file protein-v5.cif (mmCIF, C-alpha atoms and all ligand atoms)
data_model
loop_
_atom_site.label_atom_id
_atom_site.label_comp_id
_atom_site.auth_asym_id
_atom_site.auth_seq_id
_atom_site.Cartn_x
_atom_site.Cartn_y
_atom_site.Cartn_z
CA MET A 1 -4.62 -17.66 36.61
CA LYS A 2 -4.26 -21.07 35.04
CA LYS A 3 -6.69 -20.21 32.27
CA ARG A 4 -4.80 -17.02 31.60
CA ARG A 5 -1.50 -18.87 31.31
CA MET A 6 -3.02 -21.35 28.90
CA ARG A 7 -4.46 -18.60 26.78
CA THR A 8 -1.10 -16.84 26.64
CA GLY A 9 0.61 -20.11 25.76
CA GLY A 10 -1.85 -20.75 22.97
CA LEU A 11 -1.37 -17.27 21.67
CA LEU A 12 2.40 -17.69 21.69
CA LEU A 13 2.13 -20.91 19.72
CA LEU A 14 -0.19 -19.30 17.21
CA ALA A 15 2.06 -16.25 16.91
CA ALA A 16 5.07 -18.52 16.36
CA ALA A 17 3.21 -20.50 13.70
CA VAL A 18 2.08 -17.36 11.92
CA LEU A 19 5.60 -15.89 12.12
CA THR A 20 7.09 -19.02 10.60
CA ALA A 21 4.50 -19.30 7.86
CA GLY A 22 4.58 -15.58 7.19
CA ALA A 23 8.35 -15.53 6.92
CA ALA A 24 8.34 -18.52 4.56
CA LEU A 25 5.64 -16.94 2.45
CA TRP A 26 7.53 -13.70 2.11
CA ARG A 27 10.91 -15.29 1.56
CA ALA A 28 9.35 -17.07 -1.37
CA GLY A 29 8.19 -13.66 -2.57
CA LYS A 30 4.69 -14.96 -3.11
CA ALA A 31 1.92 -12.85 -1.73
CA ALA A 32 -1.50 -14.44 -1.74
CA PRO A 33 -3.12 -13.39 -5.02
CA ALA A 34 -5.66 -10.60 -4.78
CA ALA A 35 -8.75 -12.77 -4.95
CA ALA A 36 -12.06 -11.28 -5.96
CA TYR A 37 -14.29 -12.16 -3.03
CA ALA A 38 -18.00 -11.64 -2.87
CA PRO A 39 -18.72 -8.77 -0.45
CA GLU A 40 -20.31 -11.07 2.12
CA GLN A 41 -17.21 -13.29 2.11
CA VAL A 42 -14.73 -10.57 2.95
CA ARG A 43 -13.65 -10.89 6.58
CA TRP A 44 -10.81 -8.36 6.77
CA ILE A 45 -10.11 -5.02 5.16
CA VAL A 46 -6.47 -4.03 5.41
CA ASP A 47 -5.89 -0.30 5.08
CA ALA A 48 -2.42 1.09 4.37
CA GLY A 49 -2.79 4.60 5.77
CA HIS A 50 -2.13 7.68 3.61
CA GLY A 51 -0.54 7.35 0.14
CA GLY A 52 0.28 9.46 -2.88
CA GLU A 53 0.69 13.15 -2.09
CA ASP A 54 -0.33 12.50 1.51
CA GLY A 55 2.72 10.68 2.85
CA GLY A 56 1.53 10.88 6.47
CA ALA A 57 4.20 11.30 9.14
CA VAL A 58 7.75 12.05 8.00
CA SER A 59 10.70 11.15 10.23
CA PRO A 60 13.44 13.71 11.00
CA SER A 61 15.64 11.90 8.46
CA GLY A 62 12.91 12.02 5.79
CA VAL A 63 11.38 8.54 5.95
CA VAL A 64 7.73 8.73 4.90
CA GLU A 65 5.00 6.81 6.73
CA SER A 66 2.86 5.83 3.72
CA GLY A 67 5.47 3.53 2.16
CA ILE A 68 6.05 1.60 5.39
CA ASN A 69 2.30 1.34 5.93
CA LEU A 70 1.93 -0.27 2.51
CA GLU A 71 4.77 -2.75 3.07
CA ILE A 72 3.31 -3.92 6.38
CA ALA A 73 -0.30 -3.90 5.12
CA ARG A 74 0.68 -6.05 2.13
CA ARG A 75 2.19 -8.58 4.47
CA VAL A 76 -0.85 -8.61 6.79
CA ASP A 77 -3.08 -9.14 3.76
CA GLY A 78 -0.83 -11.91 2.44
CA ILE A 79 -0.66 -13.76 5.76
CA LEU A 80 -4.42 -13.56 6.35
CA GLY A 81 -4.95 -14.86 2.80
CA PHE A 82 -2.44 -17.64 3.45
CA TYR A 83 -4.59 -18.72 6.40
CA GLY A 84 -7.71 -18.78 4.24
CA GLU A 85 -9.13 -15.54 5.60
CA PRO A 86 -10.65 -13.48 2.78
CA ALA A 87 -9.06 -10.02 3.00
CA LEU A 88 -8.91 -7.02 0.74
CA MET A 89 -6.70 -3.96 0.68
CA LEU A 90 -7.94 -0.40 0.22
CA ARG A 91 -4.83 0.53 -1.72
CA THR A 92 -2.03 -1.61 -3.14
CA GLU A 93 0.07 1.22 -4.58
CA ASP A 94 1.46 4.57 -3.50
CA VAL A 95 -1.71 6.47 -4.34
CA SER A 96 -4.29 8.69 -2.71
CA LEU A 97 -7.87 7.50 -3.17
CA HIS A 98 -9.44 10.92 -3.77
CA ASP A 99 -12.04 11.89 -6.37
CA PRO A 100 -10.72 13.59 -9.52
CA GLU A 101 -12.60 16.77 -8.54
CA ALA A 102 -10.43 17.28 -5.45
CA VAL A 103 -7.78 19.91 -6.19
CA SER A 104 -5.97 21.11 -3.08
CA LEU A 105 -4.11 18.71 -0.81
CA ARG A 106 -6.71 19.38 1.88
CA GLU A 107 -9.54 18.45 -0.49
CA LYS A 108 -7.68 15.37 -1.66
CA LYS A 109 -7.12 14.19 1.91
CA ALA A 110 -10.79 14.70 2.82
CA SER A 111 -11.97 12.97 -0.35
CA ASP A 112 -9.52 10.09 0.18
CA LEU A 113 -10.77 9.45 3.71
CA HIS A 114 -14.40 9.78 2.66
CA ASN A 115 -13.86 7.22 -0.11
CA ARG A 116 -12.06 4.82 2.23
CA ALA A 117 -14.95 5.05 4.71
CA GLU A 118 -17.45 4.47 1.93
CA THR A 119 -15.66 1.35 0.66
CA VAL A 120 -15.24 -0.07 4.16
CA SER A 121 -18.93 0.54 4.88
CA GLU A 122 -19.84 -1.62 1.88
CA TYR A 123 -18.47 -4.58 3.86
CA PRO A 124 -20.10 -4.08 7.25
CA GLU A 125 -19.36 -7.66 8.34
CA ALA A 126 -15.64 -7.29 7.65
CA THR A 127 -13.13 -6.03 10.18
CA LEU A 128 -11.01 -3.00 9.32
CA VAL A 129 -7.32 -3.15 10.21
CA SER A 130 -5.70 0.19 9.47
CA ILE A 131 -1.90 0.33 9.42
CA HIS A 132 -0.06 3.53 10.43
CA GLN A 133 3.23 4.75 11.90
CA ASN A 134 3.56 7.09 14.84
CA ILE A 135 5.74 10.15 15.38
CA PHE A 136 6.52 12.31 18.42
CA GLN A 137 8.62 15.35 19.24
CA GLN A 138 10.85 13.36 21.59
CA SER A 139 12.80 10.48 20.09
CA ARG A 140 12.76 8.18 23.12
CA TYR A 141 9.23 6.85 22.62
CA HIS A 142 8.88 3.57 20.74
CA GLY A 143 6.68 0.51 20.43
CA THR A 144 3.45 -0.57 18.77
CA GLN A 145 0.15 0.78 20.04
CA VAL A 146 -3.27 -0.34 18.88
CA PHE A 147 -6.32 1.93 18.88
CA TYR A 148 -9.93 0.81 18.57
CA ALA A 149 -13.07 2.27 17.03
CA PRO A 150 -16.20 2.78 19.15
CA THR A 151 -17.91 -0.14 17.37
CA GLY A 152 -18.66 -3.51 19.02
CA GLY A 153 -15.78 -5.98 19.28
CA SER A 154 -13.14 -3.41 18.32
CA GLN A 155 -11.67 -3.06 21.80
CA GLU A 156 -11.29 -6.83 22.21
CA LEU A 157 -9.55 -7.15 18.86
CA ALA A 158 -7.22 -4.24 19.66
CA GLN A 159 -6.27 -5.95 22.91
CA ALA A 160 -5.64 -9.23 21.08
CA ILE A 161 -3.32 -7.52 18.58
CA GLN A 162 -1.55 -5.47 21.24
CA SER A 163 -0.98 -8.63 23.23
CA ALA A 164 0.24 -10.63 20.20
CA VAL A 165 2.79 -7.94 19.34
CA GLN A 166 3.98 -7.79 22.93
CA THR A 167 4.34 -11.53 23.41
CA SER A 168 5.91 -12.35 20.07
CA LEU A 169 7.94 -9.26 19.21
CA GLN A 170 8.14 -6.52 21.85
CA PRO A 171 8.41 -8.06 25.34
CA ASP A 172 9.24 -4.68 26.92
CA ASN A 173 6.26 -2.90 25.40
CA THR A 174 3.92 -1.99 28.26
CA ARG A 175 1.50 0.06 26.16
CA GLU A 176 -2.20 -0.69 26.37
CA SER A 177 -4.66 -0.46 23.52
CA LYS A 178 -6.68 2.76 23.60
CA PRO A 179 -9.89 4.24 22.14
CA ILE A 180 -9.26 6.11 18.89
CA PRO A 181 -9.50 9.90 19.20
CA GLU A 182 -12.64 11.42 17.66
CA THR A 183 -10.45 13.39 15.26
CA VAL A 184 -9.48 10.26 13.29
CA TYR A 185 -12.09 10.38 10.53
CA LEU A 186 -12.03 6.88 9.06
CA MET A 187 -12.23 5.04 12.36
CA ASN A 188 -15.22 7.12 13.44
CA HIS A 189 -17.15 6.87 10.18
CA VAL A 190 -17.48 3.13 9.60
CA PRO A 191 -20.01 0.70 11.10
CA ASN A 192 -17.38 -2.07 11.12
CA ARG A 193 -15.34 -3.55 13.88
CA ALA A 194 -12.16 -1.53 13.37
CA VAL A 195 -8.67 -1.12 14.80
CA LEU A 196 -5.78 1.17 13.90
CA VAL A 197 -2.28 -0.16 14.50
CA GLU A 198 0.42 2.45 15.08
CA CYS A 199 3.23 0.02 14.34
CA GLY A 200 6.05 2.13 15.71
CA PHE A 201 7.61 5.58 16.03
CA LEU A 202 9.43 7.08 13.06
CA SER A 203 10.82 9.64 15.52
CA ASN A 204 12.85 6.91 17.28
CA PRO A 205 15.97 6.24 15.16
CA GLU A 206 16.24 2.57 16.17
CA GLU A 207 12.58 1.84 15.46
CA GLU A 208 12.72 3.92 12.28
CA ARG A 209 15.50 1.62 11.06
CA ALA A 210 13.62 -1.53 12.06
CA LEU A 211 10.39 -0.38 10.40
CA GLN A 212 12.23 -0.12 7.06
CA ASP A 213 13.65 -3.64 7.40
CA PRO A 214 11.62 -6.14 5.33
CA ALA A 215 12.23 -8.90 7.89
CA TYR A 216 10.91 -6.74 10.74
CA GLN A 217 7.97 -5.66 8.59
CA THR A 218 7.12 -9.35 8.14
CA GLN A 219 7.45 -10.06 11.87
CA LEU A 220 5.23 -7.13 12.73
CA ALA A 221 2.64 -8.12 10.11
CA ALA A 222 2.69 -11.69 11.39
CA ALA A 223 2.10 -10.51 14.96
CA VAL A 224 -0.81 -8.32 13.82
CA ALA A 225 -2.25 -11.23 11.82
CA ALA A 226 -1.78 -13.55 14.81
CA GLY A 227 -3.82 -11.16 16.95
CA CYS A 228 -6.52 -11.10 14.29
CA LEU A 229 -6.57 -14.88 13.89
CA ASN A 230 -6.41 -15.55 17.60
CA HIS A 231 -9.31 -13.21 18.23
CA ALA A 232 -11.32 -14.48 15.25
CA GLY A 233 -11.13 -18.02 16.67
CA GLU A 234 -12.69 -17.12 20.01
ZN ZN A 301 -0.81 7.85 9.77
#

call {"tool": "encode", "arguments": {"input": "protein-v5.cif", "output": "structure tokens"}}
result
Amino acid sequence: MKKRRMRTGGLLLLAAAVLTAGAALWRAGKAAPAAAYAPEQVRWIVDAGHGGEDGGAVSPSGVVESGINLEIARRVDGILGFYGEPALMLRTEDVSLHDPEAVSLREKKASDLHNRAETVSEYPEATLVSIHQNIFQQSRYHGTQVFYAPTGGSQELAQAIQSAVQTSLQPDNTRESKPIPETVYLMNHVPNRAVLVECGFLSNPEEERALQDPAYQTQLAAAVAAGCLNHAGE
């Protein structure tokens, strides 16, 4: 019990430090520059889900997932870079990463995911952190939930991120991290340690509002980064 309390305390301190540094970094409007790391140096790959024609989930009021994913992913990337952790992003703009040969939306989506998996696989030592937003038919559901790939170490990292979000940002969130469904292509086609963070529900009006707020995006990114950093240090 004592050990557990100490660990939680340490995590809280780290989350607070990351939140403070992250907020300062983003207030200053300075993201860490996109450094060109050697493949073996890259420790984190931050994936902003969807993009371009594939907007992902769309809220009842028309808010598109891909834009929020990018805002949060940029912040996660910036905060990890700020802490000296070499990270790279799979996309930094509102684009789909499909081959030029792909024509239909279905082909573009398949090509985009295939290309993401291929890039991630080129950095097998790096950890993939994929950023998404959730949606559900009923509006009452809210809160971050982290999913993990079947690869080694993924579950532990997912738990660390879930716990960092809960302790620093969502004290009432009782969700547990879960294995990723087999239908999620990217997470099942990479050899890397990999987690997918469903940051919140676009179908919940309150959370939909928060997810569009730059300050909340920074807090969320800082909590995700804290989970990553806390876990990386173990
Ligand atoms: Zn998504």

call {"tool": "closest_residue", "arguments": {"input": "protein-v5.cif", "among": "A:Val95, A:Leu128, A:Ala221, A:Cys199", "to": "ligand ZN 301 (chain A)", "atoms": "only C-alpha atoms and all ligand atoms"}}
result
A:Cys199

call {"tool": "atom_distance", "arguments": {"input": "protein-v5.cif", "atom1": "CA of Gln219 in chain A", "atom2": "CA of Val197 in chain A"}}
result
14.1 Å

call {"tool": "closest_residue", "arguments": {"input": "protein-v5.cif", "among": "A:Pro214, A:Pro205, A:Gly143, A:Gly200", "to": "ligand ZN 301 (chain A)", "atoms": "all atoms listed in the file"}}
result
A:Gly200

call {"tool": "residues_near_ligand", "arguments": {"input": "protein-v5.cif", "ligand": "ligand ZN 301 (chain A)", "cutoff": "7 Å", "atoms": "all atoms listed in the file", "output": "MDAnalysis selection string"}}
result
chainID A and resid 49:50 56:57 65 132:134

call {"tool": "atom_distance", "arguments": {"input": "protein-v5.cif", "atom1": "CA of Phe136 in chain A", "atom2": "CA of Glu208 in chain A"}}
result
12.1 Å

call {"tool": "residues_near_point", "arguments": {"input": "protein-v5.cif", "point": "(-3.9, -4.1, 5.5)", "cutoff": "12 Å", "atoms": "only C-alpha atoms", "output": "number ranges by chain"}}
result
A: 43-49, 68-81, 86-92, 127-132, 194-197, 221-222, 224-225, 228

call {"tool": "atom_distance", "arguments": {"input": "protein-v5.cif", "atom1": "CA of Arg193 in chain A", "atom2": "CA of Ser154 in chain A"}}
result
5.0 Å

call {"tool": "residues_around", "arguments": {"input": "protein-v5.cif", "residues": "range 176-184 of chain A", "least_positions_apart": "3", "cutoff": "12 Å", "atoms": "all atoms listed in the file", "output": "number ranges by chain"}}
result
A: 49, 110, 113-114, 117, 130, 132, 143-151, 154-166, 173, 187-190, 194-198

call {"tool": "closest_residue", "arguments": {"input": "protein-v5.cif", "among": "A:Gln138, A:Thr218, A:Ser168, A:Ser121", "to": "Pro191 in chain A", "atoms": "only C-alpha atoms"}}
result
A:Ser121

call {"tool": "closest_residue", "arguments": {"input": "protein-v5.cif", "among": "A:Ser96, A:Glu101, A:Ser66, A:His231", "to": "Gly153 in chain A", "atoms": "all atoms listed in the file"}}
result
A:His231

call {"tool": "build_atoms", "arguments": {"input": "protein-v5.cif", "residues": "range 130-163 of chain A", "atoms": "N, CA and C atoms", "output": "compact mmCIF listing (two decimals), in the frame of the given file"}}
result
# COMPACT_ATOMS: atom_id res chain seq x y z
N SER A 130 -6.37 -0.93 10.10
CA SER A 130 -5.70 0.19 9.47
C SER A 130 -4.26 0.28 10.00
N ILE A 131 -3.32 0.37 9.05
CA ILE A 131 -1.90 0.33 9.42
C ILE A 131 -1.29 1.73 9.30
N HIS A 132 -0.70 2.20 10.40
CA HIS A 132 -0.06 3.53 10.43
C HIS A 132 1.26 3.47 11.20
N GLN A 133 2.00 4.59 11.11
CA GLN A 133 3.23 4.75 11.90
C GLN A 133 3.08 6.02 12.72
N ASN A 134 3.66 5.99 13.89
CA ASN A 134 3.56 7.09 14.84
C ASN A 134 4.75 8.04 14.73
N ILE A 135 4.62 9.20 15.31
CA ILE A 135 5.74 10.15 15.38
C ILE A 135 5.53 11.02 16.61
N PHE A 136 6.62 11.46 17.24
CA PHE A 136 6.52 12.31 18.42
C PHE A 136 7.70 13.27 18.45
N GLN A 137 7.54 14.37 19.19
CA GLN A 137 8.62 15.35 19.24
C GLN A 137 9.88 14.76 19.87
N GLN A 138 9.69 13.94 20.91
CA GLN A 138 10.85 13.36 21.59
C GLN A 138 11.13 11.97 21.01
N SER A 139 12.41 11.70 20.81
CA SER A 139 12.80 10.48 20.09
C SER A 139 12.77 9.22 20.96
N ARG A 140 12.62 9.39 22.28
CA ARG A 140 12.76 8.18 23.12
C ARG A 140 11.56 7.23 23.04
N TYR A 141 10.42 7.71 22.62
CA TYR A 141 9.23 6.85 22.62
C TYR A 141 9.26 5.85 21.47
N HIS A 142 8.90 4.62 21.77
CA HIS A 142 8.88 3.57 20.74
C HIS A 142 7.86 2.51 21.10
N GLY A 143 7.58 1.63 20.15
CA GLY A 143 6.68 0.51 20.43
C GLY A 143 5.32 0.65 19.77
N THR A 144 4.77 -0.50 19.42
CA THR A 144 3.45 -0.57 18.77
C THR A 144 2.34 -0.19 19.75
N GLN A 145 1.35 0.54 19.24
CA GLN A 145 0.15 0.78 20.04
C GLN A 145 -1.09 0.65 19.16
N VAL A 146 -2.06 -0.08 19.66
CA VAL A 146 -3.27 -0.34 18.88
C VAL A 146 -4.43 0.48 19.43
N PHE A 147 -5.15 1.12 18.51
CA PHE A 147 -6.32 1.93 18.88
C PHE A 147 -7.58 1.27 18.33
N TYR A 148 -8.70 1.46 19.01
CA TYR A 148 -9.93 0.81 18.57
C TYR A 148 -11.06 1.81 18.35
N ALA A 149 -11.89 1.48 17.36
CA ALA A 149 -13.07 2.27 17.03
C ALA A 149 -14.13 2.06 18.11
N PRO A 150 -15.15 2.95 18.14
CA PRO A 150 -16.20 2.78 19.15
C PRO A 150 -17.19 1.65 18.86
N THR A 151 -16.98 0.92 17.76
CA THR A 151 -17.91 -0.14 17.37
C THR A 151 -17.67 -1.43 18.17
N GLY A 152 -18.70 -2.27 18.23
CA GLY A 152 -18.66 -3.51 19.02
C GLY A 152 -17.55 -4.45 18.59
N GLY A 153 -16.83 -4.99 19.55
CA GLY A 153 -15.78 -5.98 19.28
C GLY A 153 -14.43 -5.37 18.96
N SER A 154 -14.40 -4.05 18.72
CA SER A 154 -13.14 -3.41 18.32
C SER A 154 -12.11 -3.42 19.45
N GLN A 155 -12.59 -3.12 20.66
CA GLN A 155 -11.67 -3.06 21.80
C GLN A 155 -11.01 -4.42 22.04
N GLU A 156 -11.82 -5.49 21.97
CA GLU A 156 -11.29 -6.83 22.21
C GLU A 156 -10.23 -7.20 21.17
N LEU A 157 -10.51 -6.85 19.92
CA LEU A 157 -9.55 -7.15 18.86
C LEU A 157 -8.26 -6.35 19.06
N ALA A 158 -8.41 -5.07 19.43
CA ALA A 158 -7.22 -4.24 19.66
C ALA A 158 -6.36 -4.85 20.77
N GLN A 159 -7.01 -5.33 21.81
CA GLN A 159 -6.27 -5.95 22.91
C GLN A 159 -5.55 -7.21 22.45
N ALA A 160 -6.24 -7.99 21.59
CA ALA A 160 -5.64 -9.23 21.08
C ALA A 160 -4.39 -8.92 20.24
N ILE A 161 -4.47 -7.88 19.42
CA ILE A 161 -3.32 -7.52 18.58
C ILE A 161 -2.19 -6.94 19.43
N GLN A 162 -2.56 -6.06 20.36
CA GLN A 162 -1.55 -5.47 21.24
C GLN A 162 -0.80 -6.58 21.99
N SER A 163 -1.56 -7.54 22.46
CA SER A 163 -0.98 -8.63 23.23
C SER A 163 -0.11 -9.54 22.34
